[in-house]
file input-v8.pdb (PDB, N, CA and C atoms)
ATOM      1  N   MET A 125     120.635 117.709  93.606
ATOM      2  CA  MET A 125     119.312 118.323  93.573
ATOM      3  C   MET A 125     118.359 117.635  94.558
ATOM      4  N   SER A 126     118.350 116.305  94.569
ATOM      5  CA  SER A 126     117.455 115.595  95.474
ATOM      6  C   SER A 126     117.851 115.815  96.931
ATOM      7  N   ASP A 127     119.152 116.023  97.207
ATOM      8  CA  ASP A 127     119.582 116.317  98.572
ATOM      9  C   ASP A 127     118.976 117.632  99.050
ATOM     10  N   MET A 128     118.944 118.636  98.175
ATOM     11  CA  MET A 128     118.361 119.928  98.548
ATOM     12  C   MET A 128     116.864 119.794  98.803
ATOM     13  N   MET A 129     116.176 119.005  97.983
ATOM     14  CA  MET A 129     114.741 118.812  98.174
ATOM     15  C   MET A 129     114.464 118.088  99.489
ATOM     16  N   ARG A 130     115.284 117.062  99.762
ATOM     17  CA  ARG A 130     115.104 116.309 101.003
ATOM     18  C   ARG A 130     115.361 117.207 102.200
ATOM     19  N   ASP A 131     116.409 118.024 102.135
ATOM     20  CA  ASP A 131     116.715 118.945 103.233
ATOM     21  C   ASP A 131     115.565 119.928 103.441
ATOM     22  N   GLY A 132     114.980 120.403 102.359
ATOM     23  CA  GLY A 132     113.852 121.316 102.448
ATOM     24  C   GLY A 132     112.652 120.662 103.107
ATOM     25  N   GLN A 133     112.404 119.394 102.770
ATOM     26  CA  GLN A 133     111.283 118.674 103.377
ATOM     27  C   GLN A 133     111.527 118.460 104.868
ATOM     28  N   ILE A 134     112.759 118.137 105.239
ATOM     29  CA  ILE A 134     113.102 117.936 106.641
ATOM     30  C   ILE A 134     112.930 119.244 107.410
ATOM     31  N   MET A 135     113.394 120.345 106.822
ATOM     32  CA  MET A 135     113.257 121.642 107.477
ATOM     33  C   MET A 135     111.790 122.022 107.625
ATOM     34  N   ALA A 136     110.966 121.762 106.615
ATOM     35  CA  ALA A 136     109.540 122.074 106.684
ATOM     36  C   ALA A 136     108.857 121.226 107.751
ATOM     37  N   GLN A 137     109.241 119.944 107.825
ATOM     38  CA  GLN A 137     108.653 119.063 108.829
ATOM     39  C   GLN A 137     109.036 119.535 110.228
ATOM     40  N   THR A 138     110.305 119.904 110.408
ATOM     41  CA  THR A 138     110.762 120.403 111.699
ATOM     42  C   THR A 138     110.025 121.681 112.065
ATOM     43  N   LYS A 139     109.812 122.556 111.083
ATOM     44  CA  LYS A 139     109.091 123.813 111.325
ATOM     45  C   LYS A 139     107.655 123.518 111.740
ATOM     46  N   ASP A 140     107.009 122.574 111.071
ATOM     47  CA  ASP A 140     105.636 122.194 111.425
ATOM     48  C   ASP A 140     105.578 121.667 112.858
ATOM     49  N   GLU A 141     106.538 120.812 113.216
ATOM     50  CA  GLU A 141     106.570 120.246 114.567
ATOM     51  C   GLU A 141     106.789 121.347 115.599
ATOM     52  N   ASN A 142     107.689 122.284 115.296
ATOM     53  CA  ASN A 142     107.955 123.381 116.222
ATOM     54  C   ASN A 142     106.726 124.254 116.410
ATOM     55  N   LEU A 143     106.007 124.546 115.316
ATOM     56  CA  LEU A 143     104.803 125.365 115.415
ATOM     57  C   LEU A 143     103.714 124.644 116.205
ATOM     58  N   GLY A 144     103.589 123.348 115.995
ATOM     59  CA  GLY A 144     102.621 122.565 116.761
ATOM     60  C   GLY A 144     102.951 122.580 118.239
ATOM     61  N   TYR A 145     104.238 122.452 118.555
ATOM     62  CA  TYR A 145     104.687 122.494 119.945
ATOM     63  C   TYR A 145     104.411 123.874 120.547
ATOM     64  N   MET A 146     104.700 124.928 119.789
ATOM     65  CA  MET A 146     104.457 126.287 120.271
ATOM     66  C   MET A 146     102.973 126.504 120.542
ATOM     67  N   SER A 147     102.131 126.008 119.652
ATOM     68  CA  SER A 147     100.687 126.144 119.830
ATOM     69  C   SER A 147     100.229 125.419 121.095
ATOM     70  N   ASP A 148     100.699 124.185 121.278
ATOM     71  CA  ASP A 148     100.331 123.410 122.468
ATOM     72  C   ASP A 148     100.796 124.093 123.748
ATOM     73  N   MET A 149     102.019 124.591 123.739
ATOM     74  CA  MET A 149     102.559 125.257 124.927
ATOM     75  C   MET A 149     101.797 126.538 125.227
ATOM     76  N   ALA A 150     101.454 127.301 124.200
ATOM     77  CA  ALA A 150     100.700 128.536 124.404
ATOM     78  C   ALA A 150      99.337 128.234 125.019
ATOM     79  N   LEU A 151      98.702 127.138 124.584
ATOM     80  CA  LEU A 151      97.406 126.764 125.162
ATOM     81  C   LEU A 151      97.555 126.353 126.623
ATOM     82  N   GLU A 152      98.626 125.638 126.947
ATOM     83  CA  GLU A 152      98.866 125.261 128.345
ATOM     84  C   GLU A 152      99.102 126.499 129.203
ATOM     85  N   LEU A 153      99.896 127.438 128.693
ATOM     86  CA  LEU A 153     100.158 128.673 129.433
ATOM     87  C   LEU A 153      98.877 129.495 129.591
ATOM     88  N   ALA A 154      98.035 129.492 128.567
ATOM     89  CA  ALA A 154      96.753 130.197 128.649
ATOM     90  C   ALA A 154      95.897 129.609 129.765
ATOM     91  N   GLN A 155      95.877 128.275 129.853
ATOM     92  CA  GLN A 155      95.090 127.621 130.901
ATOM     93  C   GLN A 155      95.635 127.959 132.281
ATOM     94  N   MET A 156      96.957 127.964 132.428
ATOM     95  CA  MET A 156      97.575 128.310 133.707
ATOM     96  C   MET A 156      97.248 129.761 134.084
ATOM     97  N   ALA A 157      97.332 130.667 133.103
ATOM     98  CA  ALA A 157      97.024 132.072 133.362
ATOM     99  C   ALA A 157      95.558 132.231 133.762
ATOM    100  N   GLU A 158      94.677 131.503 133.085
ATOM    101  CA  GLU A 158      93.250 131.566 133.394
ATOM    102  C   GLU A 158      92.977 131.055 134.809
ATOM    103  N   ASP A 159      93.641 129.969 135.179
ATOM    104  CA  ASP A 159      93.454 129.382 136.511
ATOM    105  C   ASP A 159      93.875 130.332 137.622
ATOM    106  N   THR A 160      94.833 131.204 137.336
ATOM    107  CA  THR A 160      95.304 132.144 138.358
ATOM    108  C   THR A 160      94.622 133.508 138.246
ATOM    109  N   GLY A 161      93.612 133.614 137.376
ATOM    110  CA  GLY A 161      92.841 134.846 137.273
ATOM    111  C   GLY A 161      93.436 135.891 136.346
ATOM    112  N   LEU A 162      94.429 135.518 135.569
ATOM    113  CA  LEU A 162      95.061 136.466 134.647
ATOM    114  C   LEU A 162      94.418 136.340 133.265
ATOM    115  N   THR A 163      93.222 136.859 133.139
ATOM    116  CA  THR A 163      92.447 136.645 131.909
ATOM    117  C   THR A 163      93.061 137.337 130.695
ATOM    118  N   THR A 164      93.656 138.497 130.881
ATOM    119  CA  THR A 164      94.276 139.187 129.741
ATOM    120  C   THR A 164      95.456 138.391 129.215
ATOM    121  N   LEU A 165      96.273 137.882 130.122
ATOM    122  CA  LEU A 165      97.414 137.066 129.727
ATOM    123  C   LEU A 165      96.939 135.779 129.059
ATOM    124  N   ALA A 166      95.895 135.185 129.586
ATOM    125  CA  ALA A 166      95.331 133.974 128.986
ATOM    126  C   ALA A 166      94.882 134.254 127.551
ATOM    127  N   TYR A 167      94.237 135.390 127.347
ATOM    128  CA  TYR A 167      93.784 135.782 126.010
ATOM    129  C   TYR A 167      94.964 135.902 125.051
ATOM    130  N   LEU A 168      96.043 136.543 125.503
ATOM    131  CA  LEU A 168      97.222 136.713 124.653
ATOM    132  C   LEU A 168      97.844 135.366 124.284
ATOM    133  N   PHE A 169      97.909 134.445 125.232
ATOM    134  CA  PHE A 169      98.449 133.121 124.935
ATOM    135  C   PHE A 169      97.548 132.365 123.956
ATOM    136  N   ARG A 170      96.237 132.533 124.085
ATOM    137  CA  ARG A 170      95.318 131.874 123.146
ATOM    138  C   ARG A 170      95.492 132.441 121.733
ATOM    139  N   MET A 171      95.711 133.738 121.640
ATOM    140  CA  MET A 171      95.952 134.350 120.323
ATOM    141  C   MET A 171      97.271 133.824 119.732
ATOM    142  N   ALA A 172      98.290 133.657 120.561
ATOM    143  CA  ALA A 172      99.571 133.114 120.087
ATOM    144  C   ALA A 172      99.396 131.680 119.598
ATOM    145  N   ALA A 173      98.598 130.897 120.318
ATOM    146  CA  ALA A 173      98.334 129.511 119.911
ATOM    147  C   ALA A 173      97.593 129.480 118.582
ATOM    148  N   LEU A 174      96.618 130.364 118.428
ATOM    149  CA  LEU A 174      95.865 130.433 117.184
ATOM    150  C   LEU A 174      96.774 130.824 116.021
ATOM    151  N   GLU A 175      97.634 131.791 116.249
ATOM    152  CA  GLU A 175      98.566 132.235 115.206
ATOM    153  C   GLU A 175      99.483 131.092 114.779
ATOM    154  N   ALA A 176     100.031 130.366 115.745
ATOM    155  CA  ALA A 176     100.932 129.255 115.426
ATOM    156  C   ALA A 176     100.197 128.159 114.659
ATOM    157  N   SER A 177      98.967 127.854 115.051
ATOM    158  CA  SER A 177      98.227 126.794 114.357
ATOM    159  C   SER A 177      97.807 127.239 112.954
ATOM    160  N   THR A 178      97.539 128.519 112.778
ATOM    161  CA  THR A 178      97.179 129.041 111.453
ATOM    162  C   THR A 178      98.362 128.986 110.503
ATOM    163  N   VAL A 179      99.530 129.375 110.973
ATOM    164  CA  VAL A 179     100.744 129.314 110.153
ATOM    165  C   VAL A 179     101.018 127.869 109.764
ATOM    166  N   ASN A 180     100.812 126.957 110.675
ATOM    167  CA  ASN A 180     101.033 125.539 110.425
ATOM    168  C   ASN A 180     100.162 125.050 109.278
ATOM    169  N   VAL A 181      98.902 125.436 109.248
ATOM    170  CA  VAL A 181      97.989 125.033 108.176
ATOM    171  C   VAL A 181      98.431 125.646 106.859
ATOM    172  N   ASP A 182      98.829 126.908 106.872
ATOM    173  CA  ASP A 182      99.260 127.574 105.647
ATOM    174  C   ASP A 182     100.482 126.890 105.044
ATOM    175  N   LEU A 183     101.407 126.442 105.874
ATOM    176  CA  LEU A 183     102.607 125.777 105.374
ATOM    177  C   LEU A 183     102.282 124.385 104.840
ATOM    178  N   ALA A 184     101.362 123.709 105.477
ATOM    179  CA  ALA A 184     101.042 122.340 105.077
ATOM    180  C   ALA A 184     100.301 122.290 103.748
ATOM    181  N   GLU A 185      99.501 123.313 103.454
ATOM    182  CA  GLU A 185      98.689 123.311 102.234
ATOM    183  C   GLU A 185      98.849 124.640 101.498
ATOM    184  N   PRO A 186     100.020 124.881 100.924
ATOM    185  CA  PRO A 186     100.266 126.208 100.340
ATOM    186  C   PRO A 186      99.503 126.496  99.063
ATOM    187  N   ASP A 187      99.056 125.459  98.339
ATOM    188  CA  ASP A 187      98.471 125.739  97.023
ATOM    189  C   ASP A 187      96.977 125.469  96.933
ATOM    190  N   HIS A 188      96.289 125.268  98.038
ATOM    191  CA  HIS A 188      94.859 125.001  97.963
ATOM    192  C   HIS A 188      94.049 126.250  97.641
ATOM    193  N   LEU A 189      94.438 127.393  98.138
ATOM    194  CA  LEU A 189      93.670 128.615  97.917
ATOM    195  C   LEU A 189      93.561 128.992  96.444
ATOM    196  N   PRO A 190      94.658 129.030  95.687
ATOM    197  CA  PRO A 190      94.517 129.394  94.274
ATOM    198  C   PRO A 190      93.606 128.442  93.496
ATOM    199  N   HIS A 191      93.677 127.149  93.809
ATOM    200  CA  HIS A 191      92.837 126.183  93.109
ATOM    201  C   HIS A 191      91.366 126.429  93.411
ATOM    202  N   GLN A 192      91.061 126.748  94.659
ATOM    203  CA  GLN A 192      89.676 127.016  95.025
ATOM    204  C   GLN A 192      89.189 128.280  94.336
ATOM    205  N   MET A 193      90.026 129.289  94.242
ATOM    206  CA  MET A 193      89.626 130.549  93.638
ATOM    207  C   MET A 193      89.367 130.381  92.140
ATOM    208  N   THR A 194      90.205 129.606  91.449
ATOM    209  CA  THR A 194      90.051 129.464  90.002
ATOM    210  C   THR A 194      88.933 128.505  89.634
ATOM    211  N   SER A 195      88.559 127.598  90.502
ATOM    212  CA  SER A 195      87.538 126.608  90.177
ATOM    213  C   SER A 195      86.127 127.166  90.265
ATOM    214  N   HIS A 196      85.944 128.338  90.885
ATOM    215  CA  HIS A 196      84.592 128.880  91.068
ATOM    216  C   HIS A 196      84.253 129.928  90.061
TER     217      HIS A 196
END

call {"tool": "encode", "arguments": {"input": "input-v8.pdb", "output": "structure tokens"}}
result
Amino acid sequence: MSDMMRDGQIMAQTKDENLGYMSDMALELAQMAEDTGLTTLAYLFRMAALEASTVNVDLAEPDHLPHQMTSH
């Protein structure tokens, strides 16, 4: 049982790292696109970076929303 939990934590950590990397890369690509005058492409990369960073937050803190909703 503890092996499965540990594997799950490792997979979640790897997923978080991958999403962080994807977000960083999307921001770099957005900057490159902006520098070359491709504003639409830059916008799309910024949206991808935002999406990756949002998913990362949701995975890191999955149970904060219900607690906030019930406490008010």

call {"tool": "atom_distance", "arguments": {"input": "input-v8.pdb", "atom1": "CA of Glu152 (chain A)", "atom2": "CA of Gln133 (chain A)"}}
result
28.7 Å

call {"tool": "atom_distance", "arguments": {"input": "input-v8.pdb", "atom1": "atom C of Ser147 (chain A)", "atom2": "atom N of Glu175 (chain A)"}}
result
8.4 Å

call {"tool": "closest_residue", "arguments": {"input": "input-v8.pdb", "among": "A:Met135, A:Met129, A:Ala166, A:Val179", "to": "Ala150 (chain A)", "atoms": "only N, CA and C atoms"}}
result
A:Ala166

call {"tool": "atom_distance", "arguments": {"input": "input-v8.pdb", "atom1": "atom C of Ala172 (chain A)", "atom2": "atom C of Asp159 (chain A)"}}
result
18.9 Å

call {"tool": "resolve_selection", "arguments": {"input": "input-v8.pdb", "expression": "the PyMOL selection byres ((chain A and resi 151) around 8)", "output": "list in words"}}
result
Tyr145, Met146, Ser147, Asp148, Met149, Ala150, Glu152, Leu153, Ala154, Gln155, Met156, Ala157, Phe169, Arg170, Met171, Ala172, Ala173 and Leu174 of chain A
